[in-house]
>>> print(open('model.csv').read())   # CSV, C-alpha atoms
chain,number,residue,atom,x,y,z
A,1,MET,CA,-16.9,17.4,37.2
A,2,ILE,CA,-16.0,18.8,33.8
A,3,GLU,CA,-13.7,21.9,33.4
A,4,MET,CA,-13.8,22.2,29.6
A,5,VAL,CA,-14.6,20.5,26.4
A,6,ILE,CA,-12.3,20.9,23.4
A,7,ASP,CA,-13.4,20.1,19.9
A,8,ALA,CA,-10.6,18.9,17.6
A,9,ARG,CA,-10.0,21.3,14.8
A,10,ARG,CA,-9.8,19.4,11.5
A,11,LYS,CA,-6.9,20.2,9.2
A,12,ASP,CA,-6.5,19.0,5.7
A,13,LEU,CA,-2.8,18.1,5.1
A,14,GLY,CA,-3.4,17.2,1.4
A,15,GLY,CA,-5.5,14.1,1.1
A,16,PHE,CA,-5.2,13.4,4.8
A,17,GLU,CA,-6.9,15.0,7.8
A,18,VAL,CA,-5.8,15.4,11.4
A,19,GLY,CA,-7.8,16.7,14.3
A,20,ARG,CA,-5.7,19.2,16.4
A,21,VAL,CA,-6.7,19.0,20.1
A,22,LEU,CA,-3.8,20.6,22.0
A,23,PRO,CA,-2.6,23.2,22.3
A,24,PHE,CA,-5.9,25.1,22.6
A,25,HIS,CA,-6.1,28.9,23.1
A,26,SER,CA,-7.6,28.5,26.6
A,27,ARG,CA,-5.9,25.2,27.5
A,28,ARG,CA,-2.3,24.9,26.5
A,29,MET,CA,-1.5,21.7,28.3
A,30,VAL,CA,-2.9,18.8,30.3
A,31,GLY,CA,-0.2,17.7,32.7
A,32,PRO,CA,2.9,17.5,30.6
A,33,PHE,CA,0.9,16.8,27.3
A,34,ILE,CA,1.5,20.0,25.2
A,35,PHE,CA,0.4,18.7,21.8
A,36,LEU,CA,-2.2,16.1,20.7
A,37,ASP,CA,-3.4,15.2,17.3
A,38,GLN,CA,-5.8,12.5,16.0
A,39,MET,CA,-4.5,11.2,12.7
A,40,GLY,CA,-7.4,10.2,10.5
A,41,PRO,CA,-9.3,8.1,10.4
A,42,ALA,CA,-8.4,7.8,6.7
A,43,GLU,CA,-8.3,5.3,3.9
A,44,PHE,CA,-5.4,5.8,1.5
A,45,ALA,CA,-5.9,4.8,-2.1
A,46,PRO,CA,-3.3,2.5,-3.7
A,47,GLY,CA,-0.4,4.6,-5.0
A,48,SER,CA,-1.3,7.7,-2.9
A,49,GLU,CA,1.3,9.7,-1.1
A,50,ALA,CA,-0.1,8.7,2.3
A,51,ILE,CA,2.2,9.8,5.2
A,52,ASN,CA,5.3,11.6,3.8
A,53,VAL,CA,6.9,13.9,6.3
A,54,ARG,CA,10.4,14.9,5.4
A,55,PRO,CA,13.2,15.1,8.1
A,56,HIS,CA,12.6,17.9,10.7
A,57,PRO,CA,14.0,18.8,14.1
A,58,HIS,CA,12.7,18.8,17.7
A,59,ILE,CA,14.0,20.0,21.1
A,60,GLY,CA,12.7,19.9,24.6
A,61,LEU,CA,10.1,17.2,24.4
A,62,SER,CA,9.3,13.5,23.9
A,63,THR,CA,7.0,12.4,21.0
A,64,LEU,CA,4.7,9.5,21.4
A,65,THR,CA,3.2,7.8,18.4
A,66,TYR,CA,0.4,5.3,18.8
A,67,LEU,CA,-1.8,3.7,16.1
A,68,PHE,CA,-5.2,2.0,16.0
A,69,GLU,CA,-4.8,1.2,12.3
A,70,GLY,CA,-2.1,1.5,9.6
A,71,GLU,CA,1.7,1.8,9.7
A,72,ILE,CA,4.3,4.6,9.7
A,73,LEU,CA,8.0,4.2,9.1
A,74,HIS,CA,10.2,6.3,11.5
A,75,ARG,CA,13.8,7.2,10.8
A,76,ASP,CA,16.1,9.5,12.9
A,77,ASN,CA,19.6,10.8,13.1
A,78,LEU,CA,20.5,8.4,15.9
A,79,GLY,CA,20.4,5.6,13.4
A,80,TYR,CA,17.0,4.1,14.2
A,81,THR,CA,14.7,2.9,11.4
A,82,GLN,CA,11.5,1.5,12.9
A,83,PRO,CA,8.0,0.9,11.6
A,84,ILE,CA,5.2,1.3,14.1
A,85,ARG,CA,2.0,-0.8,13.8
A,86,PRO,CA,-1.3,-0.8,15.8
A,87,GLY,CA,-0.9,-1.2,19.6
A,88,GLU,CA,2.8,-0.5,19.5
A,89,VAL,CA,4.6,2.6,20.9
A,90,ASN,CA,7.3,4.8,19.4
A,91,TRP,CA,8.7,7.0,22.1
A,92,MET,CA,11.3,9.6,20.9
A,93,THR,CA,13.0,11.9,23.4
A,94,ALA,CA,14.3,15.0,21.6
A,95,GLY,CA,16.1,16.6,24.6
A,96,LYS,CA,18.8,18.9,23.3
A,97,GLY,CA,17.9,18.0,19.7
A,98,ILE,CA,16.9,15.2,17.3
A,99,VAL,CA,15.9,15.0,13.6
A,100,HIS,CA,13.5,12.4,12.2
A,101,SER,CA,11.2,11.7,9.4
A,102,GLU,CA,7.8,9.9,9.3
A,103,ARG,CA,6.7,8.2,6.0
A,104,THR,CA,4.7,5.4,4.6
A,105,ASP,CA,6.8,2.5,3.4
A,106,PRO,CA,6.8,2.4,-0.5
A,107,LEU,CA,5.2,-1.1,-0.5
A,108,LYS,CA,2.5,-0.1,1.9
A,109,ARG,CA,1.9,3.1,-0.2
A,110,SER,CA,1.4,1.0,-3.4
A,111,GLN,CA,-1.2,-1.2,-1.6
A,112,GLY,CA,-3.1,1.6,0.2
A,113,GLY,CA,-5.0,1.0,3.3
A,114,PRO,CA,-6.4,2.6,6.6
A,115,MET,CA,-4.6,5.1,8.9
A,116,HIS,CA,-5.9,6.0,12.3
A,117,GLY,CA,-3.8,7.0,15.4
A,118,MET,CA,-2.6,9.5,17.9
A,119,GLN,CA,0.4,11.8,18.0
A,120,ALA,CA,1.4,13.4,21.3
A,121,TRP,CA,4.1,15.7,22.5
A,122,ILE,CA,5.1,15.5,26.1
A,123,ALA,CA,7.1,18.5,27.5
A,124,LEU,CA,10.2,17.5,29.4
A,125,PRO,CA,10.7,18.8,33.0
A,126,ALA,CA,13.2,21.7,33.2
A,127,GLU,CA,16.0,19.5,34.4
A,128,ALA,CA,15.7,17.2,31.5
A,129,GLU,CA,15.2,19.7,28.6
A,130,GLU,CA,18.8,19.3,27.5
A,131,THR,CA,19.1,15.5,28.0
A,132,ALA,CA,20.7,13.4,25.3
A,133,PRO,CA,18.2,12.3,22.6
A,134,SER,CA,17.0,8.7,22.5
A,135,PHE,CA,14.5,6.4,20.8
A,136,THR,CA,12.4,3.5,22.3
A,137,HIS,CA,10.1,1.2,20.4
A,138,LEU,CA,7.7,-1.1,22.4
A,139,GLY,CA,5.9,-3.9,20.7
A,140,GLU,CA,2.2,-4.6,21.3
A,141,ASP,CA,2.9,-7.3,23.9
A,142,ALA,CA,5.4,-5.1,25.9
A,143,GLN,CA,2.7,-3.0,27.5
A,144,PRO,CA,0.3,-3.8,30.4
A,145,THR,CA,-3.2,-4.7,29.3
A,146,TYR,CA,-6.6,-5.7,30.7
A,147,ASP,CA,-9.4,-7.4,28.8
A,148,ASN,CA,-12.7,-8.4,30.4
A,149,ALA,CA,-16.4,-8.1,29.8
A,150,GLY,CA,-16.2,-5.7,26.9
A,151,LEU,CA,-13.5,-3.5,28.3
A,152,PHE,CA,-10.0,-3.6,26.8
A,153,ALA,CA,-7.4,-1.3,28.3
A,154,ARG,CA,-3.7,-0.8,27.4
A,155,LEU,CA,-1.4,1.4,29.5
A,156,VAL,CA,0.6,3.1,26.7
A,157,ALA,CA,2.8,5.3,29.0
A,158,GLY,CA,3.2,6.3,32.6
A,159,GLU,CA,1.5,4.7,35.6
A,160,ALA,CA,-2.2,3.9,36.3
A,161,TYR,CA,-4.3,1.3,38.0
A,162,GLY,CA,-1.3,-0.2,39.8
A,163,ALA,CA,0.6,-0.8,36.6
A,164,LYS,CA,3.6,0.9,35.1
A,165,ALA,CA,4.4,1.2,31.3
A,166,ALA,CA,7.9,0.6,29.9
A,167,ALA,CA,8.1,3.9,28.0
A,168,PRO,CA,10.8,6.1,29.6
A,169,ALA,CA,8.6,9.0,30.8
A,170,ALA,CA,10.6,11.8,32.6
A,171,SER,CA,7.7,13.0,34.8
A,172,PRO,CA,4.5,11.7,36.4
A,173,LEU,CA,1.8,11.0,33.7
A,174,PHE,CA,-0.6,8.4,32.4
A,175,TYR,CA,-1.8,7.6,28.9
A,176,VAL,CA,-4.4,4.8,28.5
A,177,HIS,CA,-6.2,3.3,25.5
A,178,TRP,CA,-9.6,1.9,26.1
A,179,GLU,CA,-11.8,-0.1,23.8
A,180,LEU,CA,-15.3,-0.1,25.2
A,181,ALA,CA,-18.3,-2.2,24.0
A,182,GLU,CA,-21.7,-0.6,24.1
A,183,GLY,CA,-23.0,-0.2,27.6
A,184,VAL,CA,-19.7,-0.8,29.3
A,185,ARG,CA,-18.7,1.5,32.2
A,186,THR,CA,-15.3,2.4,33.4
A,187,ALA,CA,-13.5,5.2,35.3
A,188,PRO,CA,-10.4,7.3,34.7
A,189,PRO,CA,-7.3,7.0,36.9
A,190,PRO,CA,-8.0,8.7,40.3
A,191,ALA,CA,-8.0,12.5,40.9
A,192,ARG,CA,-5.4,14.4,42.9
A,193,GLY,CA,-7.4,14.1,46.1
A,194,GLN,CA,-7.5,10.3,45.8
A,195,GLY,CA,-3.7,9.9,45.3
A,196,GLY,CA,-3.8,10.4,41.6
A,197,MET,CA,-2.7,13.0,39.0
A,198,SER,CA,-3.5,16.7,39.2
A,199,GLU,CA,-4.7,17.0,35.6
A,200,ARG,CA,-6.8,14.5,33.6
A,201,ALA,CA,-8.6,14.4,30.3
A,202,LEU,CA,-10.4,12.0,28.0
A,203,PHE,CA,-10.3,12.0,24.2
A,204,VAL,CA,-13.0,10.3,22.1
A,205,ALA,CA,-11.2,8.9,19.1
A,206,ARG,CA,-14.2,6.8,18.0
A,207,GLY,CA,-17.7,6.3,19.2
A,208,GLU,CA,-19.8,8.1,21.8
A,209,ILE,CA,-19.6,8.2,25.6
A,210,GLU,CA,-21.5,9.5,28.6
A,211,VAL,CA,-19.7,11.3,31.4
A,212,GLY,CA,-22.1,12.3,34.2
A,213,ASP,CA,-25.2,13.7,32.5
A,214,HIS,CA,-23.4,14.8,29.3
A,215,THR,CA,-22.8,13.0,26.0
A,216,PHE,CA,-19.6,13.3,24.0
A,217,HIS,CA,-18.7,12.1,20.5
A,218,GLU,CA,-15.7,11.5,18.3
A,219,GLY,CA,-13.2,14.3,18.2
A,220,GLN,CA,-14.0,15.8,21.6
A,221,MET,CA,-11.6,16.1,24.6
A,222,ILE,CA,-13.2,16.3,28.1
A,223,VAL,CA,-10.9,18.0,30.6
A,224,LEU,CA,-11.9,16.7,34.0
A,225,SER,CA,-12.0,18.7,37.3
A,226,PRO,CA,-9.1,17.8,39.6
A,227,ASP,CA,-11.2,16.5,42.5
A,228,HIS,CA,-14.0,14.5,40.9
A,229,GLU,CA,-14.4,10.8,40.1
A,230,PRO,CA,-16.7,10.4,37.1
A,231,THR,CA,-18.0,7.2,35.6
A,232,ILE,CA,-17.7,6.8,31.8
A,233,LYS,CA,-20.3,4.8,29.9
A,234,ALA,CA,-20.0,3.8,26.2
A,235,LEU,CA,-23.2,4.6,24.3
A,236,ARG,CA,-21.8,2.6,21.4
A,237,PRO,CA,-18.5,0.9,20.7
A,238,SER,CA,-15.8,3.5,21.4
A,239,SER,CA,-12.1,4.1,21.4
A,240,ILE,CA,-11.0,6.4,24.2
A,241,MET,CA,-7.6,7.8,25.2
A,242,ALA,CA,-7.3,8.8,28.9
A,243,LEU,CA,-4.4,11.1,29.6
A,244,GLY,CA,-2.9,13.4,32.2
A,245,GLY,CA,-0.2,14.0,34.7
A,246,GLU,CA,1.5,16.6,36.8
A,247,PRO,CA,2.3,20.0,35.3
A,248,VAL,CA,5.9,20.7,34.4
A,249,GLY,CA,5.6,24.5,34.2
A,250,GLU,CA,4.9,26.9,31.4
A,251,ARG,CA,6.4,26.2,28.1
A,252,LEU,CA,6.9,28.0,24.8
A,253,ILE,CA,6.1,26.2,21.6
A,254,TRP,CA,7.2,27.3,18.1
A,255,TRP,CA,7.0,25.0,15.0
A,256,ASN,CA,8.5,21.7,16.3
A,257,PHE,CA,10.4,23.3,19.2
A,258,VAL,CA,9.3,23.3,22.9
A,259,ALA,CA,11.4,25.1,25.6
A,260,SER,CA,11.1,27.0,28.8
A,261,SER,CA,13.0,30.0,27.3
A,262,GLN,CA,12.7,32.0,24.1
A,263,ALA,CA,16.5,32.1,23.9
A,264,ARG,CA,16.6,28.3,23.6
A,265,ILE,CA,14.0,28.3,20.8
A,266,ASP,CA,16.0,31.0,19.0
A,267,GLN,CA,19.1,28.9,19.2
A,268,ALA,CA,17.3,25.9,17.8
A,269,LYS,CA,16.0,28.0,14.9
A,270,ALA,CA,19.6,29.1,14.2
A,271,ASP,CA,21.0,25.6,14.4
A,272,TRP,CA,18.5,24.2,12.0
A,273,LYS,CA,18.8,27.0,9.5
A,274,ALA,CA,22.6,26.7,9.6
A,275,GLY,CA,22.6,22.9,9.0
A,276,ARG,CA,24.1,22.1,12.4
A,277,MET,CA,21.6,19.3,13.1
A,278,SER,CA,22.4,16.2,11.1
A,279,LEU,CA,19.8,14.4,9.0
A,280,PRO,CA,18.9,10.7,9.3
A,281,HIS,CA,21.5,8.6,7.5
A,282,GLU,CA,18.9,6.7,5.5
A,283,ASP,CA,16.8,9.7,4.7
A,284,ASP,CA,19.1,12.6,4.0
A,285,LEU,CA,18.2,13.8,0.5
A,286,GLU,CA,15.6,16.4,1.6
A,287,PHE,CA,14.3,18.2,4.7
A,288,ILE,CA,11.7,20.7,5.9
A,289,PRO,CA,13.2,24.2,5.9
A,290,LEU,CA,12.8,26.6,8.8
A,291,PRO,CA,9.5,28.3,8.3
A,292,ASP,CA,9.7,31.9,7.1
A,293,VAL,CA,8.0,33.8,9.9
A,294,PRO,CA,8.9,37.0,11.8
A,295,ALA,CA,11.6,36.5,14.4
A,296,THR,CA,10.1,38.9,16.9
A,297,PRO,CA,9.1,37.0,20.1
A,298,GLU,CA,5.5,37.1,21.0
A,299,PRO,CA,4.2,37.4,24.6
A,300,ALA,CA,3.6,34.2,26.5
A,301,PRO,CA,1.5,32.1,26.0
A,302,GLN,CA,2.6,32.2,22.4
A,303,PRO,CA,0.2,31.3,19.6
A,304,VAL,CA,1.4,28.3,17.7
A,305,LYS,CA,2.7,29.9,14.6
A,306,PRO,CA,3.2,28.1,12.3
A,307,GLU,CA,1.4,24.9,13.2
A,308,PRO,CA,3.8,22.0,13.9
A,309,THR,CA,4.5,19.7,11.0
A,310,HIS,CA,2.5,16.5,11.2
A,311,PRO,CA,3.1,13.7,12.0
A,312,VAL,CA,5.7,14.6,14.6
>>> encode(input="model.csv", output="structure tokens")
Amino acid sequence: MIEMVIDARRKDLGGFEVGRVLPFHSRRMVGPFIFLDQMGPAEFAPGSEAINVRPHPHIGLSTLTYLFEGEILHRDNLGYTQPIRPGEVNWMTAGKGIVHSERTDPLKRSQGGPMHGMQAWIALPAEAEETAPSFTHLGEDAQPTYDNAGLFARLVAGEAYGAKAAAPAASPLFYVHWELAEGVRTAPPPARGQGGMSERALFVARGEIEVGDHTFHEGQMIVLSPDHEPTIKALRPSSIMALGGEPVGERLIWWNFVASSQARIDQAKADWKAGRMSLPHEDDLEFIPLPDVPATPEPAPQPVKPEPTHPV
């Protein structure tokens, strides 16, 4: 029923912690999901730096930002400036290359407040790796939801339970947010043998759940076997992300770059170092330099060196 359990590795980013879930040394991806972080939960003091990630590049992936609490201001070199708030979706497809920043608005920084959310990278299928970059924002009411008897569900991306989300996913996947009251039971989207996805996982962002005869708590990802249909029970009020999809093939990951070839990653390194990728027009006074690491390729699967800058 359960293939693996992954504990999020907590990382202090200077007054703010994230829980790194994917990639994991023995589980690089779940479907096309190649990177997953839990941001917070945190409470920023008034006047603190909060989220302050300078412009940086991506290739070969889509980023998906989803919040439970707080707000982040996105700016990119396509000209988009877009705050994201709880229940909303920022979907950014990097394709052949995009540059963006993620910051806390100065007014919000002066006020302080909570921050809790999820950051995911979704590897693009090979035929879409060099697609034109794009950005899509979806409001809280633009996504399919279900609310009944202590179970709230929002389809953040992909297809599940007979519904389809508006986010422009390039390959088969699902990403569902559940809010479960104590004692509520539910089930993930079906397994491959039942007409569903090949790879599935659950991430406990808050609370505690029971899957089969096992108990799981905040910060744990449960990778489900491909041919089993477990029941999930909330042992206390819980926030759960269910995710999965069809594999898109092996991928290399280095810093903020994802690609199916080392040559493409090397080209992205050279482009960023040489200044061939433009900065966001409204945020062009600083940027994150290319990390100073050895250029020698490492055998696949490559360790993530250095860790990707967060938020994405």
>>> closest_residue(input="model.csv", among="A:Leu78, A:Val204, A:Ala8, A:Ala242", to="Asp283 (chain A)", atoms="all atoms listed in the file")
A:Leu78
>>> residues_around(input="model.csv", residues="region 103-113 of chain A", least_positions_apart="4", cutoff="12 Å", atoms="all atoms listed in the file", output="PyMOL selection string")
chain A and resi 40-55+69-76+81-85+283+310-312
>>> write_last_selection(input="model.csv", atoms="C-alpha atoms", output="short mmCIF file (atom, residue, chain, number, x, y, z; two decimals), in the coordinates of the input")
data_model
loop_
_atom_site.label_atom_id
_atom_site.label_comp_id
_atom_site.auth_asym_id
_atom_site.auth_seq_id
_atom_site.Cartn_x
_atom_site.Cartn_y
_atom_site.Cartn_z
CA GLY A 40 -7.40 10.20 10.50
CA PRO A 41 -9.30 8.10 10.40
CA ALA A 42 -8.40 7.80 6.70
CA GLU A 43 -8.30 5.30 3.90
CA PHE A 44 -5.40 5.80 1.50
CA ALA A 45 -5.90 4.80 -2.10
CA PRO A 46 -3.30 2.50 -3.70
CA GLY A 47 -0.40 4.60 -5.00
CA SER A 48 -1.30 7.70 -2.90
CA GLU A 49 1.30 9.70 -1.10
CA ALA A 50 -0.10 8.70 2.30
CA ILE A 51 2.20 9.80 5.20
CA ASN A 52 5.30 11.60 3.80
CA VAL A 53 6.90 13.90 6.30
CA ARG A 54 10.40 14.90 5.40
CA PRO A 55 13.20 15.10 8.10
CA GLU A 69 -4.80 1.20 12.30
CA GLY A 70 -2.10 1.50 9.60
CA GLU A 71 1.70 1.80 9.70
CA ILE A 72 4.30 4.60 9.70
CA LEU A 73 8.00 4.20 9.10
CA HIS A 74 10.20 6.30 11.50
CA ARG A 75 13.80 7.20 10.80
CA ASP A 76 16.10 9.50 12.90
CA THR A 81 14.70 2.90 11.40
CA GLN A 82 11.50 1.50 12.90
CA PRO A 83 8.00 0.90 11.60
CA ILE A 84 5.20 1.30 14.10
CA ARG A 85 2.00 -0.80 13.80
CA ASP A 283 16.80 9.70 4.70
CA HIS A 310 2.50 16.50 11.20
CA PRO A 311 3.10 13.70 12.00
CA VAL A 312 5.70 14.60 14.60
#
>>> closest_atom_pairs(input="model.csv", of="region 214-304 of chain A", to="region 190-196 of chain A", cutoff="7 Å", atoms="only C-alpha atoms", output="CSV")
residue,atom,partner,partner_atom,distance
A:Pro226,CA,A:Ala191,CA,5.6
A:Asp227,CA,A:Ala191,CA,5.4
A:His228,CA,A:Ala191,CA,6.3
A:Glu229,CA,A:Ala191,CA,6.7
>>> residues_near_point(input="model.csv", point="(2.4, 16.3, 29.0)", cutoff="8 Å", atoms="all atoms listed in the file", output="ChimeraX atom specification")
/A:29-35,121-124,173,244-248
>>> atom_distance(input="model.csv", atom1="CA of Ile232 (chain A)", atom2="CA of Ile209 (chain A)")
6.6 Å
>>> residues_near_point(input="model.csv", point="(-15.7, 1.5, 30.7)", cutoff="6 Å", atoms="only C-alpha atoms", output="number ranges by chain")
A: 151, 180, 184-186, 232-233
>>> atom_distance(input="model.csv", atom1="CA of Asn256 (chain A)", atom2="CA of His281 (chain A)")
20.4 Å
>>> atom_distance(input="model.csv", atom1="CA of Gly212 (chain A)", atom2="CA of Arg236 (chain A)")
16.1 Å
>>> residues_around(input="model.csv", residues="Phe257 (chain A)", least_positions_apart="3", cutoff="6 Å", atoms="all atoms listed in the file", output="PyMOL selection string")
chain A and resi 58-59+253-254
>>> write_last_selection(input="model.csv", atoms="C-alpha atoms", output="short mmCIF file (atom, residue, chain, number, x, y, z; two decimals), in the frame of the given file")
data_model
loop_
_atom_site.label_atom_id
_atom_site.label_comp_id
_atom_site.auth_asym_id
_atom_site.auth_seq_id
_atom_site.Cartn_x
_atom_site.Cartn_y
_atom_site.Cartn_z
CA HIS A 58 12.70 18.80 17.70
CA ILE A 59 14.00 20.00 21.10
CA ILE A 253 6.10 26.20 21.60
CA TRP A 254 7.20 27.30 18.10
#
>>> residues_around(input="model.csv", residues="region 266-271 of chain A", least_positions_apart="5", cutoff="12 Å", atoms="only C-alpha atoms", output="ChimeraX atom specification")
/A:56-60,94-99,130,252-261,276-278,289-297
